[in-house]
Amino acid sequence: QVQLVESGGGLVQPGGSLRLSCAASRSIFSFIFMGWYRQAPGKQREFVARITTDGITNYADSVKGRFTISRDNAKNTVYLQMNSLKPEDTAVYYCKAVVGIYNYWGQGTQVTVSS
């Protein structure tokens, strides 16, 4: 079992920045990958970014060049640095971990981009 706890969400103006954190209950060193997904009201959950155990990253086209995912194995934590935020980035952001054949999700953190 793995528990994931997200933090760092909030209200920010367009063009602003936020950094989300996802803390795992145990070592993430062997996780196949960890990623961020988001779900806006009335929409399906969508992929945002992921990072593999080897540090390889992938991003959704909508966030490339603005968001950066990183991991700190010593702290069992994955981060999502979000810059140049837009109103369309407003959503609940969820952390996901793939461990072997299992998928684990956090409870989500709200990000609202509004003036």
# chains A, B, ... in the order shown; residues from 1 in each chain; ligands from 1
>>> select_by_dssp(residues="chain A", states="helix (DSSP H, G or I)", output="PyMOL selection string")
chain A and resi 73-75+87-89
>>> write_last_selection(atoms="N, CA and C atoms", output="PDB file, in the first residue's frame")
ATOM      1  N   ASN A  73      13.980  11.729  -4.365  1.00  0.00           N
ATOM      2  CA  ASN A  73      13.874  10.392  -3.791  1.00  0.00           C
ATOM      3  C   ASN A  73      14.151  10.387  -2.289  1.00  0.00           C
ATOM      4  N   ALA A  74      15.021  11.271  -1.841  1.00  0.00           N
ATOM      5  CA  ALA A  74      15.361  11.319  -0.419  1.00  0.00           C
ATOM      6  C   ALA A  74      14.167  11.742   0.431  1.00  0.00           C
ATOM      7  N   LYS A  75      13.279  12.553  -0.167  1.00  0.00           N
ATOM      8  CA  LYS A  75      12.104  13.037   0.557  1.00  0.00           C
ATOM      9  C   LYS A  75      10.836  12.293   0.160  1.00  0.00           C
ATOM     10  N   PRO A  87      -6.310  30.549 -16.838  1.00  0.00           N
ATOM     11  CA  PRO A  87      -7.602  30.134 -16.255  1.00  0.00           C
ATOM     12  C   PRO A  87      -7.984  28.701 -16.610  1.00  0.00           C
ATOM     13  N   GLU A  88      -7.589  28.246 -17.787  1.00  0.00           N
ATOM     14  CA  GLU A  88      -7.927  26.885 -18.200  1.00  0.00           C
ATOM     15  C   GLU A  88      -7.122  25.824 -17.454  1.00  0.00           C
ATOM     16  N   ASP A  89      -6.165  26.236 -16.632  1.00  0.00           N
ATOM     17  CA  ASP A  89      -5.444  25.294 -15.782  1.00  0.00           C
ATOM     18  C   ASP A  89      -6.215  24.997 -14.497  1.00  0.00           C
TER      19      ASP A  89
END
>>> closest_atom_pairs(of="segment 69-97 of chain A", to="segment 110-113 of chain A", cutoff="6 Å", atoms="only C-alpha atoms", output="JSON lines")
{"residue": "A:Pro87", "atom": "CA", "partner": "A:Val113", "partner_atom": "CA", "distance": 4.7}
{"residue": "A:Thr90", "atom": "CA", "partner": "A:Thr112", "partner_atom": "CA", "distance": 4.6}
{"residue": "A:Ala91", "atom": "CA", "partner": "A:Val111", "partner_atom": "CA", "distance": 5.5}
{"residue": "A:Val92", "atom": "CA", "partner": "A:Gln110", "partner_atom": "CA", "distance": 4.3}
>>> closest_residue(among="A:Thr68, A:Ser21, A:Asn103, A:Asn83", to="Phe33 of chain A", atoms="only C-alpha atoms")
A:Asn103
>>> closest_residue(among="A:Arg26, A:Lys86, A:Arg71, A:Lys64", to="Val12 of chain A", atoms="only C-alpha atoms")
A:Lys86
>>> residues_around(residues="segment 30-32 of chain A", least_positions_apart="5", cutoff="6 Å", atoms="only C-alpha atoms", output="VMD selection string")
chain A and resid 52 to 53 98 to 99
>>> residues_around(residues="Asp61 of chain A", least_positions_apart="2", cutoff="12 Å", atoms="only C-alpha atoms", output="PyMOL selection string")
chain A and resi 46-49+58-59+63-67
>>> write_last_selection(atoms="N, CA and C atoms", output="mmCIF file, in the first residue's frame")
data_model
loop_
_atom_site.group_PDB
_atom_site.id
_atom_site.type_symbol
_atom_site.label_atom_id
_atom_site.label_comp_id
_atom_site.auth_asym_id
_atom_site.auth_seq_id
_atom_site.Cartn_x
_atom_site.Cartn_y
_atom_site.Cartn_z
ATOM 1 N N GLU A 46 -7.487 14.203 -16.882
ATOM 2 C CA GLU A 46 -6.530 14.173 -17.979
ATOM 3 C C GLU A 46 -5.095 14.169 -17.467
ATOM 4 N N PHE A 47 -4.234 13.616 -18.279
ATOM 5 C CA PHE A 47 -2.806 13.549 -17.980
ATOM 6 C C PHE A 47 -2.185 14.934 -18.050
ATOM 7 N N VAL A 48 -1.277 15.208 -17.110
ATOM 8 C CA VAL A 48 -0.542 16.472 -17.117
ATOM 9 C C VAL A 48 0.950 16.230 -17.327
ATOM 10 N N ALA A 49 1.547 15.417 -16.470
ATOM 11 C CA ALA A 49 2.984 15.179 -16.550
ATOM 12 C C ALA A 49 3.327 13.916 -15.775
ATOM 13 N N ASN A 58 7.550 13.337 -19.242
ATOM 14 C CA ASN A 58 6.610 13.535 -20.342
ATOM 15 C C ASN A 58 5.584 14.552 -19.902
ATOM 16 N N TYR A 59 5.110 15.355 -20.861
ATOM 17 C CA TYR A 59 4.148 16.396 -20.554
ATOM 18 C C TYR A 59 3.010 16.403 -21.570
ATOM 19 N N VAL A 63 0.670 21.894 -21.427
ATOM 20 C CA VAL A 63 1.480 22.441 -20.326
ATOM 21 C C VAL A 63 2.972 22.496 -20.652
ATOM 22 N N LYS A 64 3.366 21.978 -21.811
ATOM 23 C CA LYS A 64 4.786 21.981 -22.175
ATOM 24 C C LYS A 64 5.341 23.395 -22.169
ATOM 25 N N GLY A 65 6.520 23.541 -21.577
ATOM 26 C CA GLY A 65 7.161 24.847 -21.512
ATOM 27 C C GLY A 65 6.702 25.692 -20.342
ATOM 28 N N ARG A 66 5.634 25.265 -19.657
ATOM 29 C CA ARG A 66 5.138 26.029 -18.506
ATOM 30 C C ARG A 66 5.243 25.240 -17.202
ATOM 31 N N PHE A 67 5.063 23.933 -17.277
ATOM 32 C CA PHE A 67 5.103 23.088 -16.085
ATOM 33 C C PHE A 67 6.378 22.235 -16.095
#
>>> select_by_dssp(residues="chain A", states="strand (DSSP E)", output="PyMOL selection string")
chain A and resi 4-7+10-12+18-24+33-39+46-52+57-59+67-72+77-82+91-99+102-105+109-113
>>> residues_around(residues="Arg45 of chain A", least_positions_apart="2", cutoff="12 Å", atoms="only C-alpha atoms", output="ChimeraX atom specification")
/A:36-43,47-48,91-96,108
>>> write_last_selection(atoms="N, CA, C and O atoms", output="mmCIF file, in the first residue's frame")
data_model
loop_
_atom_site.group_PDB
_atom_site.id
_atom_site.type_symbol
_atom_site.label_atom_id
_atom_site.label_comp_id
_atom_site.auth_asym_id
_atom_site.auth_seq_id
_atom_site.Cartn_x
_atom_site.Cartn_y
_atom_site.Cartn_z
ATOM 1 N N TRP A 36 1.215 13.505 -12.533
ATOM 2 C CA TRP A 36 0.154 14.430 -12.151
ATOM 3 C C TRP A 36 -0.935 14.390 -13.213
ATOM 4 O O TRP A 36 -0.646 14.381 -14.419
ATOM 5 N N TYR A 37 -2.163 14.376 -12.752
ATOM 6 C CA TYR A 37 -3.342 14.434 -13.605
ATOM 7 C C TYR A 37 -4.235 15.539 -13.051
ATOM 8 O O TYR A 37 -4.058 15.974 -11.916
ATOM 9 N N ARG A 38 -5.173 15.977 -13.862
ATOM 10 C CA ARG A 38 -6.086 17.004 -13.381
ATOM 11 C C ARG A 38 -7.494 16.777 -13.916
ATOM 12 O O ARG A 38 -7.678 16.153 -14.955
ATOM 13 N N GLN A 39 -8.460 17.294 -13.176
ATOM 14 C CA GLN A 39 -9.849 17.160 -13.574
ATOM 15 C C GLN A 39 -10.579 18.468 -13.317
ATOM 16 O O GLN A 39 -10.685 18.900 -12.161
ATOM 17 N N ALA A 40 -11.035 19.075 -14.401
ATOM 18 C CA ALA A 40 -11.807 20.305 -14.302
ATOM 19 C C ALA A 40 -13.287 19.945 -14.173
ATOM 20 O O ALA A 40 -13.703 18.847 -14.562
ATOM 21 N N PRO A 41 -14.097 20.857 -13.641
ATOM 22 C CA PRO A 41 -15.526 20.578 -13.474
ATOM 23 C C PRO A 41 -16.172 20.179 -14.799
ATOM 24 O O PRO A 41 -15.995 20.854 -15.823
ATOM 25 N N GLY A 42 -16.903 19.084 -14.780
ATOM 26 C CA GLY A 42 -17.611 18.634 -15.967
ATOM 27 C C GLY A 42 -16.750 17.968 -17.020
ATOM 28 O O GLY A 42 -17.245 17.653 -18.106
ATOM 29 N N LYS A 43 -15.470 17.763 -16.710
ATOM 30 C CA LYS A 43 -14.559 17.156 -17.685
ATOM 31 C C LYS A 43 -13.943 15.891 -17.123
ATOM 32 O O LYS A 43 -13.948 15.664 -15.909
ATOM 33 N N PHE A 47 -4.234 13.616 -18.279
ATOM 34 C CA PHE A 47 -2.806 13.549 -17.980
ATOM 35 C C PHE A 47 -2.185 14.934 -18.050
ATOM 36 O O PHE A 47 -2.495 15.730 -18.948
ATOM 37 N N VAL A 48 -1.277 15.208 -17.110
ATOM 38 C CA VAL A 48 -0.542 16.472 -17.117
ATOM 39 C C VAL A 48 0.950 16.230 -17.327
ATOM 40 O O VAL A 48 1.549 16.784 -18.241
ATOM 41 N N ALA A 91 -8.391 23.352 -11.968
ATOM 42 C CA ALA A 91 -8.803 21.954 -11.849
ATOM 43 C C ALA A 91 -8.385 21.431 -10.482
ATOM 44 O O ALA A 91 -7.628 22.090 -9.757
ATOM 45 N N VAL A 92 -8.853 20.231 -10.173
ATOM 46 C CA VAL A 92 -8.290 19.482 -9.056
ATOM 47 C C VAL A 92 -7.133 18.659 -9.613
ATOM 48 O O VAL A 92 -7.307 17.935 -10.606
ATOM 49 N N TYR A 93 -5.981 18.787 -9.000
ATOM 50 C CA TYR A 93 -4.784 18.096 -9.454
ATOM 51 C C TYR A 93 -4.534 16.883 -8.561
ATOM 52 O O TYR A 93 -4.511 16.997 -7.334
ATOM 53 N N TYR A 94 -4.344 15.745 -9.217
ATOM 54 C CA TYR A 94 -4.143 14.483 -8.519
ATOM 55 C C TYR A 94 -2.761 13.919 -8.813
ATOM 56 O O TYR A 94 -2.282 13.971 -9.956
ATOM 57 N N CYS A 95 -2.168 13.342 -7.795
ATOM 58 C CA CYS A 95 -0.898 12.641 -7.927
ATOM 59 C C CYS A 95 -1.179 11.158 -8.120
ATOM 60 O O CYS A 95 -2.101 10.607 -7.503
ATOM 61 N N LYS A 96 -0.396 10.518 -8.968
ATOM 62 C CA LYS A 96 -0.538 9.084 -9.231
ATOM 63 C C LYS A 96 0.819 8.420 -9.135
ATOM 64 O O LYS A 96 1.824 8.976 -9.589
ATOM 65 N N GLY A 108 -6.144 14.690 -4.100
ATOM 66 C CA GLY A 108 -6.295 15.860 -4.958
ATOM 67 C C GLY A 108 -6.113 17.168 -4.222
ATOM 68 O O GLY A 108 -6.337 17.276 -3.012
#
>>> residues_around(residues="Ala23 of chain A", least_positions_apart="3", cutoff="7 Å", atoms="only C-alpha atoms", output="list in words")
Leu4, Val5, Glu6, Asn76, Thr77 and Val78 of chain A
